[in-house]
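Data from protein-v4.pdb: PDB, C-alpha atoms, pLDDT in the B column
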```pdb
ATOM      1  CA  MET A   1       0.000   0.000   0.000  1.00 48.00           C
ATOM      2  CA  PHE A   2       1.369   3.401  -0.938  1.00 49.00           C
ATOM      3  CA  ARG A   3       0.171   6.764   0.280  1.00 54.00           C
ATOM      4  CA  TYR A   4       1.555   9.962  -1.110  1.00 52.00           C
ATOM      5  CA  PHE A   5       2.058  13.160   0.836  1.00 53.00           C
ATOM      6  CA  ARG A   6       3.004  16.462  -0.696  1.00 58.00           C
ATOM      7  CA  LEU A   7       5.687  18.301   1.279  1.00 59.00           C
ATOM      8  CA  GLY A   8       7.193  21.404  -0.259  1.00 59.00           C
ATOM      9  CA  GLY A   9       6.272  20.274  -3.772  1.00 56.00           C
ATOM     10  CA  PHE A  10       7.890  16.823  -3.380  1.00 54.00           C
ATOM     11  CA  LYS A  11       6.108  13.482  -3.174  1.00 56.00           C
ATOM     12  CA  MET A  12       7.017  11.306  -0.207  1.00 57.00           C
ATOM     13  CA  GLU A  13       6.205   7.573  -0.245  1.00 60.00           C
ATOM     14  CA  GLU A  14       5.144   5.756   2.897  1.00 63.00           C
ATOM     15  CA  GLN A  15       5.915   2.037   2.794  1.00 74.00           C
ATOM     16  CA  SER A  16       5.078  -0.131   5.784  1.00 84.00           C
ATOM     17  CA  ILE A  17       6.405   2.323   8.343  1.00 86.00           C
ATOM     18  CA  ALA A  18       6.326   0.927  11.867  1.00 87.00           C
ATOM     19  CA  TYR A  19       7.050   2.824  15.052  1.00 87.00           C
ATOM     20  CA  HIS A  20       8.502   0.966  18.020  1.00 88.00           C
ATOM     21  CA  GLU A  21       9.592   1.765  21.552  1.00 91.00           C
ATOM     22  CA  ILE A  22      10.928   5.169  22.455  1.00 93.00           C
ATOM     23  CA  THR A  23      13.992   5.712  24.598  1.00 96.00           C
ATOM     24  CA  PRO A  24      13.839   8.864  26.684  1.00 97.00           C
ATOM     25  CA  ILE A  25      17.078  10.611  27.602  1.00 97.00           C
ATOM     26  CA  PHE A  26      17.287  12.259  31.029  1.00 98.00           C
ATOM     27  CA  ARG A  27      19.980  14.749  32.010  1.00 98.00           C
ATOM     28  CA  ILE A  28      21.956  13.832  35.126  1.00 97.00           C
ATOM     29  CA  PHE A  29      24.728  15.640  37.017  1.00 96.00           C
ATOM     30  CA  ASP A  30      25.956  13.047  39.523  1.00 96.00           C
ATOM     31  CA  ILE A  31      26.490   9.358  38.746  1.00 96.00           C
ATOM     32  CA  ALA A  32      26.219   8.188  42.363  1.00 97.00           C
ATOM     33  CA  LYS A  33      22.893  10.005  42.875  1.00 97.00           C
ATOM     34  CA  ALA A  34      21.578   8.666  39.560  1.00 98.00           C
ATOM     35  CA  GLN A  35      22.498   5.104  40.500  1.00 97.00           C
ATOM     36  CA  GLU A  36      20.984   5.486  43.975  1.00 97.00           C
ATOM     37  CA  PHE A  37      17.697   6.601  42.428  1.00 98.00           C
ATOM     38  CA  TYR A  38      17.428   4.418  39.321  1.00 98.00           C
ATOM     39  CA  ILE A  39      19.195   1.241  40.440  1.00 97.00           C
ATOM     40  CA  HIS A  40      18.590   1.108  44.193  1.00 96.00           C
ATOM     41  CA  PHE A  41      15.216   2.881  44.488  1.00 97.00           C
ATOM     42  CA  LEU A  42      13.485   1.987  41.196  1.00 98.00           C
ATOM     43  CA  ASP A  43      15.233  -1.411  40.820  1.00 97.00           C
ATOM     44  CA  PHE A  44      16.546  -0.757  37.318  1.00 98.00           C
ATOM     45  CA  GLN A  45      19.660  -2.518  36.104  1.00 98.00           C
ATOM     46  CA  LEU A  46      22.665  -0.804  34.586  1.00 98.00           C
ATOM     47  CA  ASP A  47      22.898  -2.152  31.025  1.00 98.00           C
ATOM     48  CA  TRP A  48      25.942  -0.237  29.824  1.00 98.00           C
ATOM     49  CA  GLU A  49      27.831   3.008  30.191  1.00 96.00           C
ATOM     50  CA  HIS A  50      30.046   4.983  27.829  1.00 96.00           C
ATOM     51  CA  ARG A  51      32.640   7.747  28.094  1.00 95.00           C
ATOM     52  CA  TYR A  52      34.756   9.040  25.265  1.00 94.00           C
ATOM     53  CA  GLU A  53      37.714   9.358  27.658  1.00 95.00           C
ATOM     54  CA  ASP A  54      38.396   9.368  31.402  1.00 92.00           C
ATOM     55  CA  HIS A  55      36.959  12.451  33.092  1.00 91.00           C
ATOM     56  CA  PHE A  56      34.483  12.998  30.242  1.00 95.00           C
ATOM     57  CA  PRO A  57      30.698  13.008  30.799  1.00 96.00           C
ATOM     58  CA  ILE A  58      28.997   9.643  31.042  1.00 97.00           C
ATOM     59  CA  TYR A  59      26.155   8.289  28.912  1.00 97.00           C
ATOM     60  CA  MET A  60      24.467   5.155  30.218  1.00 98.00           C
ATOM     61  CA  GLN A  61      21.450   2.946  29.799  1.00 98.00           C
ATOM     62  CA  VAL A  62      19.314   1.628  32.643  1.00 98.00           C
ATOM     63  CA  SER A  63      16.313  -0.643  32.259  1.00 98.00           C
ATOM     64  CA  ARG A  64      13.647  -2.600  34.033  1.00 96.00           C
ATOM     65  CA  GLY A  65      11.989  -5.129  31.769  1.00 94.00           C
ATOM     66  CA  ASN A  66      11.006  -3.351  28.553  1.00 93.00           C
ATOM     67  CA  PHE A  67      11.315   0.099  30.127  1.00 96.00           C
ATOM     68  CA  VAL A  68      14.612   1.664  28.996  1.00 98.00           C
ATOM     69  CA  ILE A  69      16.017   5.084  29.884  1.00 98.00           C
ATOM     70  CA  HIS A  70      19.248   6.716  28.770  1.00 98.00           C
ATOM     71  CA  LEU A  71      20.965   8.942  31.335  1.00 98.00           C
ATOM     72  CA  SER A  72      23.399  11.567  30.130  1.00 98.00           C
ATOM     73  CA  GLU A  73      25.826  14.037  31.683  1.00 97.00           C
ATOM     74  CA  HIS A  74      26.311  15.634  28.243  1.00 95.00           C
ATOM     75  CA  HIS A  75      24.854  19.145  28.270  1.00 90.00           C
ATOM     76  CA  GLY A  76      23.640  19.022  24.671  1.00 90.00           C
ATOM     77  CA  ASP A  77      21.627  15.800  24.905  1.00 92.00           C
ATOM     78  CA  CYS A  78      18.624  17.064  26.851  1.00 93.00           C
ATOM     79  CA  SER A  79      17.465  19.433  29.563  1.00 92.00           C
ATOM     80  CA  PRO A  80      16.882  18.621  33.226  1.00 92.00           C
ATOM     81  CA  GLY A  81      13.280  18.685  34.364  1.00 94.00           C
ATOM     82  CA  SER A  82      11.882  16.408  31.659  1.00 96.00           C
ATOM     83  CA  ALA A  83       8.778  14.289  32.202  1.00 97.00           C
ATOM     84  CA  ILE A  84       7.571  10.957  30.849  1.00 98.00           C
ATOM     85  CA  ARG A  85       4.534   8.753  31.443  1.00 97.00           C
ATOM     86  CA  VAL A  86       4.873   4.969  31.553  1.00 97.00           C
ATOM     87  CA  LYS A  87       1.893   2.616  31.305  1.00 97.00           C
ATOM     88  CA  VAL A  88       2.228  -0.278  33.762  1.00 97.00           C
ATOM     89  CA  ASN A  89       0.291  -3.233  35.149  1.00 96.00           C
ATOM     90  CA  ASN A  90      -0.277  -3.855  38.864  1.00 97.00           C
ATOM     91  CA  ILE A  91       0.456  -0.324  40.004  1.00 98.00           C
ATOM     92  CA  GLU A  92      -0.445  -1.224  43.592  1.00 97.00           C
ATOM     93  CA  ALA A  93       2.500  -3.645  43.731  1.00 97.00           C
ATOM     94  CA  ILE A  94       4.829  -0.976  42.348  1.00 97.00           C
ATOM     95  CA  HIS A  95       3.563   1.480  44.955  1.00 97.00           C
ATOM     96  CA  SER A  96       3.999  -1.036  47.760  1.00 97.00           C
ATOM     97  CA  THR A  97       7.571  -1.796  46.656  1.00 96.00           C
ATOM     98  CA  LEU A  98       8.538   1.878  46.433  1.00 96.00           C
ATOM     99  CA  LYS A  99       6.971   2.650  49.826  1.00 95.00           C
ATOM    100  CA  SER A 100       9.035  -0.121  51.415  1.00 95.00           C
ATOM    101  CA  LYS A 101      12.335   1.344  50.180  1.00 93.00           C
ATOM    102  CA  SER A 102      14.543   3.370  52.490  1.00 87.00           C
ATOM    103  CA  TYR A 103      15.120   6.076  49.873  1.00 91.00           C
ATOM    104  CA  LYS A 104      14.712   9.237  51.935  1.00 91.00           C
ATOM    105  CA  TYR A 105      14.179  11.695  49.088  1.00 93.00           C
ATOM    106  CA  ASN A 106      11.003  10.252  47.596  1.00 92.00           C
ATOM    107  CA  LYS A 107       7.973   8.592  49.169  1.00 92.00           C
ATOM    108  CA  PRO A 108       5.447   8.622  46.328  1.00 95.00           C
ATOM    109  CA  GLY A 109       1.716   8.330  46.810  1.00 96.00           C
ATOM    110  CA  LEU A 110      -0.821   6.487  44.682  1.00 98.00           C
ATOM    111  CA  GLU A 111      -3.307   8.880  43.092  1.00 97.00           C
ATOM    112  CA  LYS A 112      -6.647   8.141  41.464  1.00 98.00           C
ATOM    113  CA  THR A 113      -7.134  10.729  38.705  1.00 97.00           C
ATOM    114  CA  PRO A 114     -10.231  12.315  37.137  1.00 97.00           C
ATOM    115  CA  TRP A 115      -9.054  10.894  33.777  1.00 96.00           C
ATOM    116  CA  THR A 116      -9.581   7.324  35.102  1.00 97.00           C
ATOM    117  CA  THR A 117      -6.045   6.242  35.915  1.00 98.00           C
ATOM    118  CA  LYS A 118      -4.098   5.383  39.035  1.00 98.00           C
ATOM    119  CA  GLU A 119      -0.720   7.113  39.069  1.00 98.00           C
ATOM    120  CA  ILE A 120       2.566   7.227  40.939  1.00 98.00           C
ATOM    121  CA  THR A 121       4.940  10.082  40.233  1.00 98.00           C
ATOM    122  CA  VAL A 122       8.606  10.002  41.194  1.00 97.00           C
ATOM    123  CA  ILE A 123      11.126  12.768  40.648  1.00 97.00           C
ATOM    124  CA  ASP A 124      14.813  11.997  40.289  1.00 97.00           C
ATOM    125  CA  PRO A 125      17.581  14.119  41.882  1.00 97.00           C
ATOM    126  CA  PHE A 126      17.835  16.149  38.654  1.00 97.00           C
ATOM    127  CA  SER A 127      14.120  17.131  38.525  1.00 97.00           C
ATOM    128  CA  ASN A 128      13.191  14.574  35.860  1.00 98.00           C
ATOM    129  CA  LYS A 129       9.709  13.214  36.460  1.00 98.00           C
ATOM    130  CA  ILE A 130       8.420   9.692  35.767  1.00 98.00           C
ATOM    131  CA  THR A 131       4.707   9.057  36.140  1.00 98.00           C
ATOM    132  CA  PHE A 132       3.717   5.394  36.220  1.00 98.00           C
ATOM    133  CA  PHE A 133       0.048   4.905  35.380  1.00 98.00           C
ATOM    134  CA  GLU A 134      -2.549   2.193  35.016  1.00 98.00           C
ATOM    135  CA  SER A 135      -5.935   2.672  33.387  1.00 97.00           C
ATOM    136  CA  LEU A 136      -8.941   1.895  35.548  1.00 94.00           C
TER     137      LEU A 136
END
```
Can the structure in the file be given as structure tokens, please?
Amino acid sequence: MFRYFRLGGFKMEEQSIAYHEITPIFRIFDIAKAQEFYIHFLDFQLDWEHRYEDHFPIYMQVSRGNFVIHLSEHHGDCSPGSAIRVKVNNIEAIHSTLKSKSYKYNKPGLEKTPWTTKEITVIDPFSNKITFFESL
């Protein structure tokens, strides 16, 4: 199946385009604080990390299941204070697990919203916000 779009006088063909997962990039400033939040509090695993040379900014990937985030100390990659929403199952179990952690900087609540979701919002040490949600 072909569909044609006219952009600036040119035809553009669309052939079986498929979109897949997205990978958000969050700005970080301190590796130890990032690992405390993402690995110890949220139970992500560190998949890999990269530096061009010693004493250069780090770029790393953390994940939990299919949920992948890139964390970057590079100033040009992204801005601090970003926000993402992540659809989950069994949000009550996630809430219970996070409440049981001894992470002193974040004790998230479980909110029932007017738009028929239950949500947990956590904010990392660099003001990046992750909202986990489940539809009711």
How close does stretch 67-96 of chain A get to stretch 105-119 of chain A? List, as CSV, each residue of stretch 67-96 of chain A within 12 Å, its nearest atom pair and the distance in Å to one decimal, counting only C-alpha atoms.
```
residue,atom,partner,partner_atom,distance
A:Arg85,CA,A:Glu119,CA,9.4
A:Val86,CA,A:Glu119,CA,9.6
A:Lys87,CA,A:Glu119,CA,9.3
A:Val88,CA,A:Glu119,CA,9.6
A:Asn89,CA,A:Lys118,CA,10.4
A:Asn90,CA,A:Lys118,CA,10.0
A:Ile91,CA,A:Lys118,CA,7.4
A:Glu92,CA,A:Leu110,CA,7.8
A:Ala93,CA,A:Leu110,CA,10.7
A:Ile94,CA,A:Leu110,CA,9.6
A:His95,CA,A:Leu110,CA,6.7
A:Ser96,CA,A:Leu110,CA,9.4
```
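The interatomic distance for the pair atom CA of A:Ile84 and atom CA of A:Pro57 works out to 23.2 Å.
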Evaluate the PyMOL selection byres ((chain A and resi 69) around 6) and record the selected residues as a PDB file with C-alpha atoms, keeping the file's coordinate frame, following the chain and residue labels used in the document.
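Saved file selection15.pdb follows:
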```pdb
ATOM      1  CA  THR A  23      13.992   5.712  24.598  1.00 96.00           C
ATOM      2  CA  PRO A  24      13.839   8.864  26.684  1.00 97.00           C
ATOM      3  CA  GLN A  61      21.450   2.946  29.799  1.00 98.00           C
ATOM      4  CA  VAL A  62      19.314   1.628  32.643  1.00 98.00           C
ATOM      5  CA  VAL A  68      14.612   1.664  28.996  1.00 98.00           C
ATOM      6  CA  HIS A  70      19.248   6.716  28.770  1.00 98.00           C
TER       7      HIS A  70
END
```
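Across A:Ile22, A:Leu98, A:Ile28, A:Met60, the tightest approach to A:Gln45 is made by A:Met60 when counting all atoms listed in the file.
Between A:Glu36 and the candidates A:Phe126, A:Tyr103, A:Tyr52, A:Phe132, the tightest atom-to-atom separation, counting all atoms listed in the file, involves A:Tyr103.
Residue nearest A:Ala32 within the list A:Ile58, A:Ile120, A:Ile17, A:Ala83: A:Ile58 [criterion: smallest interatomic distance, all atoms listed in the file].
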Determine the axis-aligned bounding box of all atoms of stretch 32-45 of chain A present in the file, pad each side by 3 Å, and express its centre and edge lengths in Å to one decimal place as AutoDock Vina command-line options.
```
--center_x 19.9 --center_y 3.7 --center_z 40.3 --size_x 18.7 --size_y 18.5 --size_z 14.4
```
Grab the atom CA of A:Phe29 to atom CA of A:Lys99 distance for me, in Å with one decimal place.
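According to the coordinates, atom CA of A:Phe29 and atom CA of A:Lys99 are separated by 25.5 Å.
Going from atom CA of A:Ile25 over to atom CA of A:Phe37, you cover 15.4 Å.
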Restricting the calculation to only C-alpha atoms, which member of A:Ser102, A:Phe67, A:His40, A:Cys78 is positioned closest to A:Ile130?
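With only C-alpha atoms as the atom set, the closest residue is A:Phe67.
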For A:Asn128, which of A:Phe56, A:Trp48, A:Phe26, A:Tyr38 is the closest residue, counting only C-alpha atoms?
A:Phe26
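Across A:Leu42, A:Glu21, A:Asp77, A:Arg64, the tightest approach to A:Thr121 is made by A:Leu42 when counting all atoms listed in the file.
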